[in-house]
$ cat work12.cif   # mmCIF, C-alpha atoms
data_upload
#
loop_
_atom_site.label_atom_id
_atom_site.label_comp_id
_atom_site.auth_asym_id
_atom_site.auth_seq_id
_atom_site.Cartn_x
_atom_site.Cartn_y
_atom_site.Cartn_z
CA MET A 101 -7.44 22.71 -23.47
CA THR A 102 -6.21 20.44 -20.71
CA THR A 103 -7.39 16.92 -20.19
CA ASP A 104 -7.77 15.66 -16.66
CA PRO A 105 -5.86 12.46 -15.85
CA PHE A 106 -7.86 9.24 -15.79
CA TRP A 107 -7.91 8.97 -12.00
CA LYS A 108 -9.89 12.21 -11.84
CA THR A 109 -12.42 11.20 -14.49
CA THR A 110 -12.79 7.42 -14.16
CA THR A 111 -14.37 5.53 -11.28
CA LEU A 112 -12.44 2.67 -9.74
CA GLU A 113 -15.02 0.27 -11.20
CA ASP A 114 -14.57 1.64 -14.73
CA MET A 115 -10.77 1.62 -14.80
CA SER A 116 -8.95 -0.69 -17.15
CA THR A 117 -6.60 -3.26 -15.62
CA GLU A 118 -3.65 -1.09 -16.63
CA GLN A 119 -5.16 2.02 -15.03
CA TRP A 120 -6.06 0.09 -11.87
CA GLU A 121 -2.58 -1.36 -11.46
CA SER A 122 -0.97 2.04 -12.04
CA LEU A 123 -2.75 3.44 -8.96
CA CYS A 124 -0.30 1.48 -6.82
CA ASP A 125 2.46 3.92 -5.86
CA GLY A 126 4.91 1.14 -4.97
CA CYS A 127 5.32 2.11 -1.32
CA GLY A 128 5.05 -1.51 -0.13
CA ARG A 129 3.15 -0.62 3.04
CA CYS A 130 0.21 -2.86 2.22
CA CYS A 131 2.66 -5.78 2.20
CA LEU A 132 3.63 -5.29 5.83
CA ASN A 133 2.13 -7.27 8.66
CA LYS A 134 -0.27 -5.20 10.71
CA LEU A 135 -1.75 -5.81 14.14
CA GLU A 136 -5.38 -5.00 14.83
CA ASP A 137 -6.80 -4.39 18.28
CA TRP A 138 -9.85 -6.66 18.46
CA ASP A 139 -11.66 -4.28 20.82
CA THR A 140 -11.04 -0.94 19.11
CA GLY A 141 -10.19 -1.94 15.53
CA GLU A 142 -7.09 0.25 15.78
CA ILE A 143 -4.28 -0.78 13.45
CA ALA A 144 -0.67 -0.96 14.65
CA TRP A 145 1.83 -0.84 11.81
CA THR A 146 4.92 -3.04 11.88
CA ASN A 147 8.02 -3.17 9.74
CA VAL A 148 7.64 -6.94 9.28
CA ALA A 149 7.51 -7.62 5.55
CA CYS A 150 5.58 -10.34 3.78
CA LYS A 151 7.89 -13.02 2.47
CA LEU A 152 7.10 -11.95 -1.10
CA LEU A 153 7.96 -8.28 -0.64
CA ASP A 154 11.17 -7.30 -2.37
CA PRO A 155 12.79 -4.88 0.12
CA ASP A 156 14.63 -2.99 -2.62
CA THR A 157 11.83 -2.44 -5.12
CA CYS A 158 8.94 -2.52 -2.61
CA ARG A 159 7.07 -4.73 -5.07
CA CYS A 160 5.81 -8.29 -4.84
CA LYS A 161 8.33 -10.89 -6.00
CA ASP A 162 5.54 -13.09 -7.42
CA TYR A 163 2.59 -10.77 -7.95
CA ASP A 164 0.68 -13.04 -10.34
CA HIS A 165 0.79 -16.00 -7.94
CA ARG A 166 0.84 -14.16 -4.60
CA GLN A 167 -2.44 -15.52 -3.31
CA ALA A 168 -1.40 -19.12 -3.94
CA GLU A 169 1.87 -18.45 -2.10
CA VAL A 170 0.36 -16.27 0.64
CA PRO A 171 -3.33 -17.23 1.06
CA GLU A 172 -4.01 -14.33 3.43
CA CYS A 173 -2.91 -11.82 0.77
CA ILE A 174 -5.93 -9.69 -0.01
CA ASN A 175 -6.73 -8.93 -3.62
CA LEU A 176 -7.63 -5.27 -3.87
CA THR A 177 -10.86 -4.51 -5.68
CA PRO A 178 -12.96 -1.35 -5.79
CA ALA A 179 -15.26 -2.89 -3.17
CA SER A 180 -12.47 -4.06 -0.86
CA VAL A 181 -10.61 -0.74 -1.09
CA ARG A 182 -13.70 1.02 0.25
CA LYS A 183 -13.91 -1.34 3.24
CA LEU A 184 -10.30 -1.98 4.28
CA THR A 185 -9.32 0.16 7.24
CA TRP A 186 -5.62 -0.67 7.08
CA LEU A 187 -4.75 0.79 3.69
CA PRO A 188 -2.33 3.67 4.24
CA PRO A 189 -3.93 7.11 3.91
CA THR A 190 -1.45 7.75 1.08
CA CYS A 191 -2.56 4.69 -0.92
CA GLY A 192 -3.62 5.68 -4.42
CA TYR A 193 -6.56 3.28 -4.33
CA ARG A 194 -7.79 4.70 -1.04
CA LEU A 195 -7.27 8.32 -2.11
CA ILE A 196 -9.30 7.90 -5.29
CA ALA A 197 -12.02 5.92 -3.48
CA GLU A 198 -12.31 8.82 -1.01
CA GLY A 199 -12.53 11.39 -3.81
CA ARG A 200 -9.08 12.83 -3.07
CA ASP A 201 -6.15 13.43 -5.41
CA LEU A 202 -2.81 11.62 -5.59
CA TYR A 203 0.22 13.07 -3.81
CA TRP A 204 2.98 14.82 -5.74
CA TRP A 205 5.32 11.87 -5.30
CA HIS A 206 2.94 9.31 -6.82
CA PRO A 207 4.51 7.96 -10.04
CA LEU A 208 1.42 8.93 -12.05
CA VAL A 209 1.91 12.56 -10.97
CA SER A 210 5.70 12.76 -10.88
CA GLY A 211 6.37 10.51 -13.86
CA ASP A 212 9.08 8.75 -11.87
CA PRO A 213 8.56 5.43 -10.01
CA ASP A 214 11.36 6.32 -7.59
CA THR A 215 9.73 9.49 -6.29
CA VAL A 216 7.79 7.53 -3.66
CA HIS A 217 11.12 6.30 -2.30
CA HIS A 218 12.84 9.70 -2.48
CA ALA A 219 9.90 11.25 -0.62
CA GLY A 220 10.44 8.78 2.24
CA VAL A 221 6.97 7.26 1.97
CA SER A 222 8.00 3.76 0.94
CA VAL A 223 9.27 0.93 3.12
CA ARG A 224 12.53 0.64 1.19
CA ASP A 225 15.40 -0.26 3.55
CA ARG A 226 13.08 -0.17 6.58
CA THR A 227 11.73 -3.70 6.89
CA VAL A 228 12.59 -6.96 8.55
CA PRO A 229 11.63 -10.32 7.04
CA GLU A 230 8.81 -12.35 8.56
CA ALA A 231 10.68 -15.61 7.86
CA GLY A 232 11.44 -17.36 11.14
CA MET A 233 9.59 -14.78 13.21
CA GLU A 234 6.74 -15.82 15.48
CA PRO A 235 3.58 -13.71 15.06
CA GLU A 236 3.62 -12.82 18.75
CA ASP A 237 6.99 -11.14 18.15
CA TYR A 238 5.46 -8.70 15.64
CA GLU A 239 4.63 -6.45 18.59
CA LEU A 240 8.37 -5.85 18.97
CA HIS A 241 8.37 -4.34 15.48
CA ILE A 242 5.61 -1.74 15.75
CA VAL A 243 6.71 1.44 14.00
CA ASP A 244 5.37 4.81 12.90
CA TRP A 245 5.31 5.44 9.16
CA PRO A 246 5.20 8.84 7.46
CA PHE A 247 1.62 9.85 6.66
CA GLU A 248 0.32 7.04 8.86
CA THR A 249 -2.83 9.02 9.42
CA VAL A 250 -4.80 11.24 7.10
CA ASP A 251 -3.37 14.25 8.92
CA GLY A 252 0.20 13.13 8.21
#

$ encode --input "work12.cif" --output "structure tokens"
Amino acid sequence: MTTDPFWKTTTLEDMSTEQWESLCDGCGRCCLNKLEDWDTGEIAWTNVACKLLDPDTCRCKDYDHRQAEVPECINLTPASVRKLTWLPPTCGYRLIAEGRDLYWWHPLVSGDPDTVHHAGVSVRDRTVPEAGMEPEDYELHIVDWPFETVDG
């Protein structure tokens, strides 16, 4: 008898804090500055990293206090995950909210937190710091990320 993993049997709302946090694959893409076209809502991805993003681990340097340090940092909740249009299509939260499964490289599937980096999905070694950069210069840092769209 096989038991399905929690992300296939538990709704986002019913997950424990530990389960919820483990849905993050550690890609770091949500911690990049994005540009949104006011007319179309289209998102342009940049490689400009939040000041709290550790470029080596692709994790927040001060996760517990991130919103005090970066007020525009959005706390992900089941409700917000269902509304945010800029979450990467590979995001574990988004995938589960859409009724899809996690990719093979997600740490919950692979058992290895480095698989997301080995698969080339993370932002490791591909970012520039936002410190000292004017927001209007973000346009100079628009990039394409793997799996940027649902189609890949």

$ resolve_selection --input "work12.cif" --expression "the PyMOL selection byres ((chain A and resi 226) around 10)" --output "short mmCIF file (atom, residue, chain, number, x, y, z; two decimals) with C-alpha atoms, keeping the file's coordinate frame"
data_model
loop_
_atom_site.label_atom_id
_atom_site.label_comp_id
_atom_site.auth_asym_id
_atom_site.auth_seq_id
_atom_site.Cartn_x
_atom_site.Cartn_y
_atom_site.Cartn_z
CA ASN A 147 8.02 -3.17 9.74
CA VAL A 148 7.64 -6.94 9.28
CA ALA A 149 7.51 -7.62 5.55
CA PRO A 155 12.79 -4.88 0.12
CA ASP A 156 14.63 -2.99 -2.62
CA SER A 222 8.00 3.76 0.94
CA VAL A 223 9.27 0.93 3.12
CA ARG A 224 12.53 0.64 1.19
CA ASP A 225 15.40 -0.26 3.55
CA THR A 227 11.73 -3.70 6.89
CA VAL A 228 12.59 -6.96 8.55
CA VAL A 243 6.71 1.44 14.00
CA TRP A 245 5.31 5.44 9.16
#

$ closest_residue --input "work12.cif" --among "A:His217, A:Gly199, A:Trp204, A:Tyr238" --to "A:Thr111" --atoms "all atoms listed in the file"
A:Gly199

$ resolve_selection --input "work12.cif" --expression "the PyMOL selection byres ((chain A and resi 145) around 9)" --output "MDAnalysis selection string"
chainID A and resid 129 132:136 143:144 146:148 186 241:245 248

$ write_last_selection --input "work12.cif" --atoms "C-alpha atoms" --output "compact mmCIF listing (two decimals), keeping the file's coordinate frame"
# COMPACT_ATOMS: atom_id res chain seq x y z
CA ARG A 129 3.15 -0.62 3.04
CA LEU A 132 3.63 -5.29 5.83
CA ASN A 133 2.13 -7.27 8.66
CA LYS A 134 -0.27 -5.20 10.71
CA LEU A 135 -1.75 -5.81 14.14
CA GLU A 136 -5.38 -5.00 14.83
CA ILE A 143 -4.28 -0.78 13.45
CA ALA A 144 -0.67 -0.96 14.65
CA THR A 146 4.92 -3.04 11.88
CA ASN A 147 8.02 -3.17 9.74
CA VAL A 148 7.64 -6.94 9.28
CA TRP A 186 -5.62 -0.67 7.08
CA HIS A 241 8.37 -4.34 15.48
CA ILE A 242 5.61 -1.74 15.75
CA VAL A 243 6.71 1.44 14.00
CA ASP A 244 5.37 4.81 12.90
CA TRP A 245 5.31 5.44 9.16
CA GLU A 248 0.32 7.04 8.86

$ closest_residue --input "work12.cif" --among "A:Asp137, A:Asp154, A:Asp104, A:Asp212" --to "A:Glu239" --atoms "all atoms listed in the file"
A:Asp137

$ resolve_selection --input "work12.cif" --expression "the PyMOL selection byres ((chain A and resi 112) around 9)" --output "number ranges by chain"
A: 107, 110-111, 113-116, 120, 177-178, 193, 196-197

$ residues_near_point --input "work12.cif" --point "(-3.5, 4.1, 2.9)" --cutoff "12 Å" --atoms "all atoms listed in the file" --output "number ranges by chain"
A: 123-131, 143, 145, 181-198, 200, 202-203, 221-222, 245-252

$ decode --input "work12.cif" --residues "stretch 214-225 of chain A" --atoms "N, CA and C atoms" --output "PDB file, in the first residue's frame"
ATOM      1  N   ASP A 214      19.317  20.628  -3.395  1.00  0.00           N
ATOM      2  CA  ASP A 214      20.135  21.187  -4.471  1.00  0.00           C
ATOM      3  C   ASP A 214      19.636  20.832  -5.870  1.00  0.00           C
ATOM      4  N   THR A 215      18.667  19.945  -5.962  1.00  0.00           N
ATOM      5  CA  THR A 215      18.184  19.525  -7.275  1.00  0.00           C
ATOM      6  C   THR A 215      17.630  20.693  -8.071  1.00  0.00           C
ATOM      7  N   VAL A 216      16.965  21.628  -7.408  1.00  0.00           N
ATOM      8  CA  VAL A 216      16.412  22.797  -8.102  1.00  0.00           C
ATOM      9  C   VAL A 216      17.533  23.605  -8.760  1.00  0.00           C
ATOM     10  N   HIS A 217      18.692  23.635  -8.148  1.00  0.00           N
ATOM     11  CA  HIS A 217      19.834  24.349  -8.711  1.00  0.00           C
ATOM     12  C   HIS A 217      20.464  23.551  -9.855  1.00  0.00           C
ATOM     13  N   HIS A 218      20.616  22.249  -9.643  1.00  0.00           N
ATOM     14  CA  HIS A 218      21.204  21.384 -10.684  1.00  0.00           C
ATOM     15  C   HIS A 218      20.338  21.347 -11.940  1.00  0.00           C
ATOM     16  N   ALA A 219      19.028  21.478 -11.753  1.00  0.00           N
ATOM     17  CA  ALA A 219      18.106  21.456 -12.893  1.00  0.00           C
ATOM     18  C   ALA A 219      18.100  22.785 -13.651  1.00  0.00           C
ATOM     19  N   GLY A 220      18.773  23.799 -13.100  1.00  0.00           N
ATOM     20  CA  GLY A 220      18.855  25.092 -13.777  1.00  0.00           C
ATOM     21  C   GLY A 220      17.621  25.967 -13.609  1.00  0.00           C
ATOM     22  N   VAL A 221      16.787  25.651 -12.641  1.00  0.00           N
ATOM     23  CA  VAL A 221      15.552  26.399 -12.428  1.00  0.00           C
ATOM     24  C   VAL A 221      15.762  27.578 -11.481  1.00  0.00           C
ATOM     25  N   SER A 222      16.739  27.485 -10.608  1.00  0.00           N
ATOM     26  CA  SER A 222      16.942  28.535  -9.614  1.00  0.00           C
ATOM     27  C   SER A 222      17.709  29.735 -10.188  1.00  0.00           C
ATOM     28  N   VAL A 223      17.755  30.776  -9.387  1.00  0.00           N
ATOM     29  CA  VAL A 223      18.453  32.002  -9.793  1.00  0.00           C
ATOM     30  C   VAL A 223      19.908  32.012  -9.324  1.00  0.00           C
ATOM     31  N   ARG A 224      20.373  30.925  -8.791  1.00  0.00           N
ATOM     32  CA  ARG A 224      21.752  30.853  -8.291  1.00  0.00           C
ATOM     33  C   ARG A 224      22.742  31.298  -9.368  1.00  0.00           C
ATOM     34  N   ASP A 225      23.608  32.232  -8.992  1.00  0.00           N
ATOM     35  CA  ASP A 225      24.670  32.765  -9.862  1.00  0.00           C
ATOM     36  C   ASP A 225      24.132  33.497 -11.093  1.00  0.00           C
TER      37      ASP A 225
END
